[in-house]
>>> print(open('structure-v2.cif').read())   # mmCIF, C-alpha atoms
data_my_file
loop_
_atom_site.label_atom_id
_atom_site.label_comp_id
_atom_site.auth_asym_id
_atom_site.auth_seq_id
_atom_site.Cartn_x
_atom_site.Cartn_y
_atom_site.Cartn_z
CA MET N 9 22.58 -12.01 -6.58
CA ASP N 10 21.99 -8.31 -5.99
CA ILE N 11 20.79 -6.78 -9.23
CA ALA N 12 20.61 -3.25 -7.89
CA ASN N 13 22.44 -0.81 -10.15
CA ASN N 14 24.41 -3.65 -11.68
CA ASN N 15 25.56 -2.11 -14.93
CA SER N 16 27.95 -4.97 -15.65
CA LEU N 17 25.13 -7.30 -16.69
CA THR N 18 25.14 -8.36 -20.31
CA PRO N 19 21.92 -7.73 -22.28
CA GLU N 20 21.13 -11.47 -22.11
CA LYS N 21 21.58 -11.62 -18.34
CA ASN N 22 19.64 -8.40 -17.91
CA ARG N 23 16.70 -9.87 -19.85
CA TYR N 24 16.92 -12.98 -17.68
CA PHE N 25 16.67 -10.95 -14.47
CA LEU N 26 13.82 -8.86 -15.86
CA LYS N 27 11.90 -12.03 -16.68
CA LYS N 28 12.68 -13.36 -13.20
CA ILE N 29 11.43 -10.15 -11.61
CA ALA N 30 8.24 -10.25 -13.69
CA LEU N 31 7.61 -13.87 -12.73
CA ASP N 32 8.20 -13.26 -9.02
CA ILE N 33 5.85 -10.26 -9.01
CA PHE N 34 3.23 -12.27 -10.90
CA VAL N 35 3.49 -15.09 -8.33
CA SER N 36 3.20 -12.55 -5.50
CA LEU N 37 -0.03 -11.21 -7.03
CA ILE N 38 -1.41 -14.73 -7.33
CA ILE N 39 -0.63 -15.22 -3.64
CA VAL N 40 -2.41 -11.97 -2.75
CA THR N 41 -5.50 -12.89 -4.77
CA GLY N 42 -5.74 -16.51 -3.66
CA ILE N 43 -4.99 -16.01 0.02
CA SER N 44 -7.32 -13.02 0.36
CA ILE N 45 -10.20 -14.99 -1.18
CA ILE N 46 -9.55 -17.98 1.11
CA ILE N 47 -9.28 -15.88 4.28
CA ASN N 48 -12.35 -13.86 3.31
CA ILE N 49 -14.39 -17.05 2.92
CA ILE N 50 -13.15 -18.44 6.24
CA LEU N 51 -13.83 -15.23 8.17
CA SER N 52 -17.22 -14.81 6.53
CA GLU N 53 -18.20 -18.34 7.54
CA PHE N 54 -16.87 -18.40 11.10
CA SER N 55 -16.59 -14.80 12.30
CA ILE N 56 -19.14 -13.54 14.80
CA GLY N 57 -20.52 -10.14 13.90
CA LEU N 58 -17.56 -8.81 11.95
CA PRO N 59 -18.78 -6.33 9.31
CA PRO N 60 -17.98 -7.22 5.68
CA ASN N 61 -15.66 -4.21 5.25
CA LEU N 62 -13.55 -5.29 8.19
CA ILE N 63 -13.40 -8.86 6.94
CA GLY N 64 -12.27 -7.61 3.54
CA VAL N 65 -9.51 -5.43 4.99
CA ILE N 66 -8.21 -8.18 7.28
CA SER N 67 -8.23 -10.67 4.41
CA ILE N 68 -6.27 -8.51 1.98
CA LEU N 69 -3.77 -7.37 4.61
CA SER N 70 -3.08 -10.98 5.61
CA ALA N 71 -2.56 -11.85 1.94
CA PHE N 72 -0.18 -8.90 1.49
CA CYS N 73 1.86 -10.11 4.48
CA MET N 74 2.24 -13.59 2.99
CA SER N 75 3.06 -12.22 -0.44
CA SER N 76 5.62 -9.81 1.05
CA TYR N 77 7.25 -12.71 2.86
CA TYR N 78 7.55 -14.58 -0.45
CA LEU N 79 9.23 -11.55 -2.06
CA HIS N 80 11.41 -11.01 1.00
CA LEU N 81 12.88 -14.49 0.58
CA LYS N 82 13.99 -13.54 -2.94
CA TYR N 83 14.68 -9.81 -2.56
CA PRO N 84 15.43 -9.26 1.16
CA LEU N 85 14.16 -6.02 2.66
CA GLN N 86 16.57 -4.70 5.27
CA LEU N 87 15.49 -2.89 8.42
CA LYS N 88 17.49 0.13 7.25
CA ASN N 89 15.13 0.38 4.25
CA LEU N 90 12.37 1.41 6.67
CA GLY N 91 14.41 4.40 7.86
CA VAL N 92 13.62 4.04 11.55
CA GLU N 93 17.12 5.04 12.66
CA LYS N 94 17.58 8.30 14.57
CA GLU N 95 19.58 9.92 11.76
CA ASN N 96 16.61 9.49 9.42
CA LEU N 97 14.10 11.14 11.77
CA ASN N 98 14.06 14.55 10.04
CA LYS N 99 13.83 12.97 6.61
CA LEU N 100 11.01 10.71 7.79
CA LEU N 101 8.98 13.48 9.44
CA ILE N 102 9.44 16.17 6.79
CA GLY N 103 8.92 13.78 3.89
CA GLY N 104 5.97 12.09 5.57
CA ILE N 105 4.14 15.30 6.52
CA MET N 106 4.73 16.98 3.15
CA GLY N 107 3.81 13.81 1.30
CA GLY N 108 0.66 13.42 3.39
CA ALA N 109 -0.36 17.01 2.58
CA VAL N 110 0.04 16.40 -1.17
CA LEU N 111 -1.94 13.16 -0.95
CA LEU N 112 -4.78 14.97 0.80
CA LEU N 113 -4.82 17.62 -1.93
CA ILE N 114 -5.23 14.84 -4.48
CA ASN N 115 -7.73 12.93 -2.33
CA ASN N 116 -9.75 15.81 -0.87
CA PRO N 117 -12.06 14.16 1.72
CA PHE N 118 -14.55 17.03 1.37
CA ARG N 119 -14.86 16.56 -2.39
CA ASP N 120 -17.60 13.93 -2.26
CA ASP N 121 -20.65 14.01 -0.05
CA ILE N 122 -21.15 11.02 2.23
CA SER N 123 -23.44 8.40 0.76
CA LYS N 124 -24.63 4.88 1.43
CA GLU N 125 -22.21 3.66 -1.26
CA ILE N 126 -19.23 5.29 0.48
CA ILE N 127 -20.25 3.83 3.84
CA GLU N 128 -20.67 0.34 2.39
CA LYS N 129 -17.47 0.47 0.33
CA TYR N 130 -15.00 2.35 2.52
CA LEU N 131 -16.30 2.55 6.09
CA VAL N 132 -17.64 0.42 8.88
CA ASP N 133 -21.19 1.56 9.59
CA PRO N 134 -21.06 3.90 12.64
CA ASN N 135 -24.33 2.37 13.81
CA LEU N 136 -22.31 -0.71 14.80
CA GLY N 137 -20.86 1.30 17.67
CA TYR N 138 -17.73 3.19 18.62
CA LEU N 139 -15.65 0.08 19.25
CA ALA N 140 -16.21 -1.23 15.73
CA VAL N 141 -15.33 2.16 14.22
CA ALA N 142 -12.26 2.57 16.47
CA PHE N 143 -11.00 -0.91 15.58
CA PHE N 144 -11.52 -0.21 11.88
CA LEU N 145 -9.68 3.13 12.14
CA LEU N 146 -6.82 1.46 13.99
CA ILE N 147 -6.40 -0.95 11.10
CA VAL N 148 -6.75 1.55 8.23
CA VAL N 149 -4.57 4.24 9.86
CA ILE N 150 -1.75 2.02 11.12
CA PHE N 151 -1.72 -1.43 9.57
CA VAL N 152 -2.94 -0.56 6.07
CA PRO N 153 -0.25 2.10 5.42
CA LEU N 154 2.47 -0.07 6.95
CA ILE N 155 1.66 -3.24 5.04
CA GLU N 156 0.68 -1.59 1.75
CA GLU N 157 3.80 0.59 1.62
CA ILE N 158 6.08 -2.33 2.38
CA PHE N 159 4.42 -4.32 -0.40
CA TYR N 160 4.00 -1.65 -3.11
CA ARG N 161 7.05 0.51 -2.42
CA GLY N 162 9.35 -1.73 -0.39
CA PHE N 163 9.02 -4.68 -2.75
CA ILE N 164 7.25 -3.96 -6.08
CA PHE N 165 8.78 -0.52 -6.70
CA ARG N 166 12.20 -1.35 -5.24
CA ILE N 167 12.53 -4.65 -7.09
CA ILE N 168 11.69 -3.21 -10.50
CA LYS N 169 13.78 -0.09 -9.90
CA ASN N 170 16.76 -2.18 -8.86
CA GLY N 171 16.40 -4.03 -12.13
CA ASN N 172 17.37 -0.71 -13.78
CA ASN N 173 13.80 0.05 -14.85
CA ASN N 174 12.99 3.27 -13.03
CA PHE N 175 10.13 4.33 -15.33
CA TRP N 176 8.40 0.94 -15.15
CA ALA N 177 8.90 0.86 -11.39
CA PHE N 178 6.68 3.95 -11.14
CA ILE N 179 4.14 2.71 -13.67
CA VAL N 180 3.78 -0.92 -12.56
CA SER N 181 3.66 -0.26 -8.81
CA SER N 182 1.18 2.60 -9.31
CA ALA N 183 -0.98 0.58 -11.70
CA LEU N 184 -1.14 -2.28 -9.21
CA PHE N 185 -1.92 0.18 -6.40
CA SER N 186 -4.73 1.63 -8.51
CA ILE N 187 -6.12 -1.84 -9.28
CA GLY N 188 -6.12 -2.58 -5.56
CA HIS N 189 -8.13 0.61 -5.01
CA SER N 190 -10.96 0.05 -7.51
CA LEU N 191 -9.04 1.34 -10.55
CA SER N 192 -9.02 4.82 -9.08
CA LEU N 193 -7.12 7.51 -11.00
CA THR N 194 -6.45 9.40 -7.78
CA ALA N 195 -4.97 6.22 -6.30
CA PHE N 196 -2.65 5.97 -9.32
CA LEU N 197 -1.54 9.59 -8.90
CA SER N 198 -1.15 9.10 -5.14
CA SER N 199 1.04 6.07 -5.75
CA LEU N 200 3.27 8.10 -8.08
CA ILE N 201 3.76 10.61 -5.25
CA LEU N 202 4.60 7.84 -2.79
CA CYS N 203 7.03 6.25 -5.25
CA TYR N 204 8.72 9.62 -5.76
CA LEU N 205 8.93 10.08 -1.99
CA PHE N 206 10.60 6.67 -1.63
CA GLN N 207 13.00 7.43 -4.48
CA LYS N 208 14.03 10.80 -3.00
CA THR N 209 14.49 9.58 0.58
CA ASN N 210 15.52 5.98 -0.17
CA ILE N 211 13.53 4.84 2.87
CA ILE N 212 9.95 3.60 3.26
CA GLY N 213 9.21 5.41 6.53
CA PRO N 214 8.09 8.70 4.92
CA CYS N 215 5.76 6.79 2.59
CA ILE N 216 4.19 4.98 5.56
CA LEU N 217 3.73 8.23 7.50
CA ALA N 218 2.31 10.09 4.48
CA HIS N 219 -0.11 7.22 3.78
CA ALA N 220 -1.11 7.09 7.46
CA LEU N 221 -1.84 10.84 7.59
CA TRP N 222 -3.84 10.56 4.37
CA ASN N 223 -5.95 7.73 5.77
CA LEU N 224 -6.35 9.37 9.18
CA VAL N 225 -7.72 12.64 7.81
CA TRP N 226 -9.79 11.08 5.02
CA PHE N 227 -11.54 8.50 7.20
CA SER N 228 -11.98 10.93 10.12
CA VAL N 229 -13.68 13.45 7.84
CA LYS N 230 -15.93 10.80 6.32
CA TYR N 231 -16.99 9.54 9.75
CA GLN N 232 -17.66 13.11 10.87
CA MET N 233 -19.87 13.51 7.81
CA THR N 234 -21.84 10.40 8.73
CA THR N 235 -22.32 11.75 12.26
CA ILE N 236 -23.66 15.06 10.96
CA LEU N 237 -25.87 13.26 8.42
CA SER N 238 -27.33 10.91 11.02
CA GLY N 239 -27.83 13.73 13.48
#
>>> encode(input="structure-v2.cif", output="structure tokens")
Amino acid sequence: MDIANNNSLTPEKNRYFLKKIALDIFVSLIIVTGISIIINIILSEFSIGLPPNLIGVISILSAFCMSSYYLHLKYPLQLKNLGVEKENLNKLLIGGIMGGAVLLLINNPFRDDISKEIIEKYLVDPNLGYLAVAFFLLIVVIFVPLIEEIFYRGFIFRIIKNGNNNFWAFIVSSALFSIGHSLSLTAFLSSLILCYLFQKTNIIGPCILAHALWNLVWFSVKYQMTTILSG
């Protein structure tokens, strides 16, 4: 049953669907946690030379994919929700570029000096070579925005919002996004921007593009800092 904007629900049925939504989101988070731990252990045991950061990213993205599939079975995400059609091109580009600019203002890559902690936590060590860095950038600039936005905006935000809980859609999806990014306040604020972008455009494409631009600039600047520091 489609619960989106269904104002005909009785209070009892509405409470039932809210409980169902909460349970499904809780199960999806259990899937993310469990699968990411399992994949991380497997890759750590059997991978040859993969840096820990890369293993961590691959593990969590794989878990997000499985969790998104679980939610898709219950709350199907249509291709039109991505906004890849030609008529959505202007909306996608303008929303994505403007959203990316706002995200970079919030997450200024020049704000913090490069440090060993940043390299260990957010980057693949450049000393591993250009191929390792290029592969890592490919993942964090393309796959991370795509998979994270489908999960946090395409499912978590959309599902709660369609249950007629617009405020909690912003809060819950942003809180979960922040938890997934080390309880960062800037991640919470960034998620609010991305949720707003999805709400205004009604498609996920601008969120993916904005997130991709954010990651591209942030990681490129940080790697440039490591090059200058090592030089």
>>> resolve_selection(input="structure-v2.cif", expression="the PyMOL selection byres ((chain N and resi 119-129) around 12)", output="ChimeraX atom specification")
/N:59-62,64-65,112-118,130-135,141,189-190,226-227,229-238
>>> residues_around(input="structure-v2.cif", residues="N:Asn174", least_positions_apart="5", cutoff="12 Å", atoms="all atoms listed in the file", output="count of residues only")
15
>>> residues_around(input="structure-v2.cif", residues="N:Ala183", least_positions_apart="4", cutoff="9 Å", atoms="all atoms listed in the file", output="PyMOL selection string")
chain N and resi 178-179+187-188+191+195-196+199
>>> resolve_selection(input="structure-v2.cif", expression="the PyMOL selection byres ((chain N and resi 37) around 12)", output="VMD selection string")
chain N and resid 30 to 36 38 to 44 68 71 to 76 78 to 79 159 to 160 163 to 164 181 184 to 185 187 to 188
>>> resolve_selection(input="structure-v2.cif", expression="the PyMOL selection byres ((chain N and resi 91) around 7)", output="list in words")
Lys88, Asn89, Leu90, Val92, Glu93, Asn96, Ile211, Ile212 and Gly213 of chain N
>>> residues_around(input="structure-v2.cif", residues="N:Met106", least_positions_apart="6", cutoff="12 Å", atoms="only C-alpha atoms", output="compact mmCIF listing (two decimals) with C-alpha atoms, keeping the file's coordinate frame")
# COMPACT_ATOMS: atom_id res chain seq x y z
CA ASN N 98 14.06 14.55 10.04
CA LYS N 99 13.83 12.97 6.61
CA LEU N 100 11.01 10.71 7.79
CA LEU N 112 -4.78 14.97 0.80
CA LEU N 113 -4.82 17.62 -1.93
CA ILE N 201 3.76 10.61 -5.25
CA LEU N 202 4.60 7.84 -2.79
CA LEU N 205 8.93 10.08 -1.99
CA PRO N 214 8.09 8.70 4.92
CA CYS N 215 5.76 6.79 2.59
CA LEU N 217 3.73 8.23 7.50
CA ALA N 218 2.31 10.09 4.48
CA HIS N 219 -0.11 7.22 3.78
CA LEU N 221 -1.84 10.84 7.59
CA TRP N 222 -3.84 10.56 4.37
>>> axis_aligned_box(input="structure-v2.cif", around="stretch 222-238 of chain N", padding_each_side="5 Å", output="lines of an AutoDock Vina configuration file")
center_x = -15.6
center_y = 11.4
center_z = 8.3
size_x = 33.5
size_y = 17.3
size_z = 17.9
>>> closest_residue(input="structure-v2.cif", among="N:Ser55, N:Asn210, N:Asn48, N:Gln86", to="N:Ser70", atoms="only C-alpha atoms")
N:Asn48
>>> atom_distance(input="structure-v2.cif", atom1="atom CA of N:Asn172", atom2="atom CA of N:Ile105")
29.0 Å
>>> closest_residue(input="structure-v2.cif", among="N:Leu224, N:Leu111, N:Ile155, N:Leu146", to="N:Leu197", atoms="all atoms listed in the file")
N:Leu111
>>> atom_distance(input="structure-v2.cif", atom1="atom CA of N:Ile45", atom2="atom CA of N:Glu156")
17.5 Å
>>> atom_distance(input="structure-v2.cif", atom1="atom CA of N:Leu26", atom2="atom CA of N:Glu157")
22.3 Å
>>> residues_around(input="structure-v2.cif", residues="N:Ile150", least_positions_apart="6", cutoff="9 Å", atoms="all atoms listed in the file", output="list in words")
Ile216, Ala220, Asn223 and Leu224 of chain N
>>> closest_residue(input="structure-v2.cif", among="N:Ala140, N:Ile29, N:Ile147, N:Val110", to="N:Ser67", atoms="only C-alpha atoms")
N:Ile147
>>> decode(input="structure-v2.cif", residues="stretch 63-163 of chain N", atoms="C-alpha atoms", output="PDB file, in the first residue's frame")
ATOM      1  CA  ILE N  63      38.401  -2.080   2.904  1.00  0.00           C
ATOM      2  CA  GLY N  64      36.187  -0.025   5.197  1.00  0.00           C
ATOM      3  CA  VAL N  65      34.610   1.923   2.340  1.00  0.00           C
ATOM      4  CA  ILE N  66      33.963  -1.200   0.251  1.00  0.00           C
ATOM      5  CA  SER N  67      32.449  -2.973   3.256  1.00  0.00           C
ATOM      6  CA  ILE N  68      30.015  -0.201   4.173  1.00  0.00           C
ATOM      7  CA  LEU N  69      28.991   0.447   0.564  1.00  0.00           C
ATOM      8  CA  SER N  70      28.247  -3.247   0.035  1.00  0.00           C
ATOM      9  CA  ALA N  71      26.156  -3.225   3.216  1.00  0.00           C
ATOM     10  CA  PHE N  72      24.264  -0.119   2.061  1.00  0.00           C
ATOM     11  CA  CYS N  73      23.465  -1.855  -1.236  1.00  0.00           C
ATOM     12  CA  MET N  74      22.000  -4.882   0.547  1.00  0.00           C
ATOM     13  CA  SER N  75      20.061  -2.722   2.982  1.00  0.00           C
ATOM     14  CA  SER N  76      18.724  -0.573   0.125  1.00  0.00           C
ATOM     15  CA  TYR N  77      17.555  -3.712  -1.652  1.00  0.00           C
ATOM     16  CA  TYR N  78      15.666  -4.757   1.488  1.00  0.00           C
ATOM     17  CA  LEU N  79      13.948  -1.352   1.645  1.00  0.00           C
ATOM     18  CA  HIS N  80      13.303  -1.398  -2.100  1.00  0.00           C
ATOM     19  CA  LEU N  81      11.291  -4.598  -1.722  1.00  0.00           C
ATOM     20  CA  LYS N  82       8.997  -2.807   0.738  1.00  0.00           C
ATOM     21  CA  TYR N  83       9.091   0.765  -0.570  1.00  0.00           C
ATOM     22  CA  PRO N  84      10.009   0.503  -4.285  1.00  0.00           C
ATOM     23  CA  LEU N  85      12.244   3.239  -5.650  1.00  0.00           C
ATOM     24  CA  GLN N  86      11.328   4.069  -9.238  1.00  0.00           C
ATOM     25  CA  LEU N  87      13.857   5.049 -11.888  1.00  0.00           C
ATOM     26  CA  LYS N  88      12.023   8.368 -12.253  1.00  0.00           C
ATOM     27  CA  ASN N  89      12.967   9.153  -8.636  1.00  0.00           C
ATOM     28  CA  LEU N  90      16.590   9.449  -9.778  1.00  0.00           C
ATOM     29  CA  GLY N  91      15.678  12.197 -12.245  1.00  0.00           C
ATOM     30  CA  VAL N  92      17.843  10.969 -15.106  1.00  0.00           C
ATOM     31  CA  GLU N  93      15.279  11.888 -17.774  1.00  0.00           C
ATOM     32  CA  LYS N  94      16.127  14.649 -20.255  1.00  0.00           C
ATOM     33  CA  GLU N  95      13.423  16.974 -18.923  1.00  0.00           C
ATOM     34  CA  ASN N  96      15.082  16.921 -15.498  1.00  0.00           C
ATOM     35  CA  LEU N  97      18.553  17.852 -16.799  1.00  0.00           C
ATOM     36  CA  ASN N  98      18.390  21.551 -15.866  1.00  0.00           C
ATOM     37  CA  LYS N  99      16.967  20.779 -12.450  1.00  0.00           C
ATOM     38  CA  LEU N 100      19.650  18.155 -11.878  1.00  0.00           C
ATOM     39  CA  LEU N 101      22.568  20.358 -12.964  1.00  0.00           C
ATOM     40  CA  ILE N 102      21.472  23.599 -11.305  1.00  0.00           C
ATOM     41  CA  GLY N 103      20.403  21.903  -8.083  1.00  0.00           C
ATOM     42  CA  GLY N 104      23.495  19.709  -7.996  1.00  0.00           C
ATOM     43  CA  ILE N 105      26.006  22.509  -8.628  1.00  0.00           C
ATOM     44  CA  MET N 106      24.361  24.945  -6.212  1.00  0.00           C
ATOM     45  CA  GLY N 107      23.960  22.230  -3.600  1.00  0.00           C
ATOM     46  CA  GLY N 108      27.593  21.198  -4.025  1.00  0.00           C
ATOM     47  CA  ALA N 109      28.715  24.807  -3.530  1.00  0.00           C
ATOM     48  CA  VAL N 110      26.738  25.091  -0.273  1.00  0.00           C
ATOM     49  CA  LEU N 111      28.130  21.775   0.972  1.00  0.00           C
ATOM     50  CA  LEU N 112      31.675  22.976   0.314  1.00  0.00           C
ATOM     51  CA  LEU N 113      30.991  26.167   2.269  1.00  0.00           C
ATOM     52  CA  ILE N 114      29.912  24.023   5.206  1.00  0.00           C
ATOM     53  CA  ASN N 115      32.757  21.533   4.729  1.00  0.00           C
ATOM     54  CA  ASN N 116      35.600  23.882   3.777  1.00  0.00           C
ATOM     55  CA  PRO N 117      38.486  21.559   2.777  1.00  0.00           C
ATOM     56  CA  PHE N 118      41.018  24.290   3.629  1.00  0.00           C
ATOM     57  CA  ARG N 119      39.695  24.669   7.173  1.00  0.00           C
ATOM     58  CA  ASP N 120      41.832  21.920   8.716  1.00  0.00           C
ATOM     59  CA  ASP N 121      45.488  21.320   8.056  1.00  0.00           C
ATOM     60  CA  ILE N 122      46.426  17.874   6.794  1.00  0.00           C
ATOM     61  CA  SER N 123      47.500  15.524   9.552  1.00  0.00           C
ATOM     62  CA  LYS N 124      48.320  11.880  10.108  1.00  0.00           C
ATOM     63  CA  GLU N 125      44.871  11.445  11.670  1.00  0.00           C
ATOM     64  CA  ILE N 126      43.124  12.804   8.560  1.00  0.00           C
ATOM     65  CA  ILE N 127      45.199  10.564   6.292  1.00  0.00           C
ATOM     66  CA  GLU N 128      44.470   7.476   8.386  1.00  0.00           C
ATOM     67  CA  LYS N 129      40.765   8.261   8.810  1.00  0.00           C
ATOM     68  CA  TYR N 130      39.708   9.728   5.471  1.00  0.00           C
ATOM     69  CA  LEU N 131      42.361   9.038   2.835  1.00  0.00           C
ATOM     70  CA  VAL N 132      44.387   6.254   1.327  1.00  0.00           C
ATOM     71  CA  ASP N 133      48.051   6.997   2.011  1.00  0.00           C
ATOM     72  CA  PRO N 134      49.520   8.590  -1.168  1.00  0.00           C
ATOM     73  CA  ASN N 135      52.718   6.645  -0.522  1.00  0.00           C
ATOM     74  CA  LEU N 136      50.835   3.541  -1.699  1.00  0.00           C
ATOM     75  CA  GLY N 137      50.999   4.927  -5.225  1.00  0.00           C
ATOM     76  CA  TYR N 138      48.845   6.732  -7.753  1.00  0.00           C
ATOM     77  CA  LEU N 139      46.762   3.682  -8.640  1.00  0.00           C
ATOM     78  CA  ALA N 140      45.646   3.180  -5.044  1.00  0.00           C
ATOM     79  CA  VAL N 141      44.738   6.867  -4.708  1.00  0.00           C
ATOM     80  CA  ALA N 142      42.949   6.930  -8.092  1.00  0.00           C
ATOM     81  CA  PHE N 143      40.939   3.823  -7.212  1.00  0.00           C
ATOM     82  CA  PHE N 144      40.005   5.309  -3.843  1.00  0.00           C
ATOM     83  CA  LEU N 145      38.951   8.607  -5.467  1.00  0.00           C
ATOM     84  CA  LEU N 146      36.869   6.723  -8.031  1.00  0.00           C
ATOM     85  CA  ILE N 147      34.961   5.072  -5.209  1.00  0.00           C
ATOM     86  CA  VAL N 148      34.475   8.127  -2.980  1.00  0.00           C
ATOM     87  CA  VAL N 149      33.575  10.500  -5.841  1.00  0.00           C
ATOM     88  CA  ILE N 150      31.216   8.218  -7.770  1.00  0.00           C
ATOM     89  CA  PHE N 151      30.049   5.215  -5.783  1.00  0.00           C
ATOM     90  CA  VAL N 152      29.855   6.788  -2.316  1.00  0.00           C
ATOM     91  CA  PRO N 153      27.562   9.675  -3.377  1.00  0.00           C
ATOM     92  CA  LEU N 154      25.412   7.376  -5.509  1.00  0.00           C
ATOM     93  CA  ILE N 155      24.893   4.677  -2.898  1.00  0.00           C
ATOM     94  CA  GLU N 156      24.681   6.975   0.140  1.00  0.00           C
ATOM     95  CA  GLU N 157      22.144   9.307  -1.484  1.00  0.00           C
ATOM     96  CA  ILE N 158      19.961   6.422  -2.607  1.00  0.00           C
ATOM     97  CA  PHE N 159      20.025   5.028   0.931  1.00  0.00           C
ATOM     98  CA  TYR N 160      19.705   8.208   3.024  1.00  0.00           C
ATOM     99  CA  ARG N 161      17.550  10.333   0.711  1.00  0.00           C
ATOM    100  CA  GLY N 162      15.970   7.824  -1.666  1.00  0.00           C
ATOM    101  CA  PHE N 163      14.876   5.479   1.101  1.00  0.00           C
TER     102      PHE N 163
END
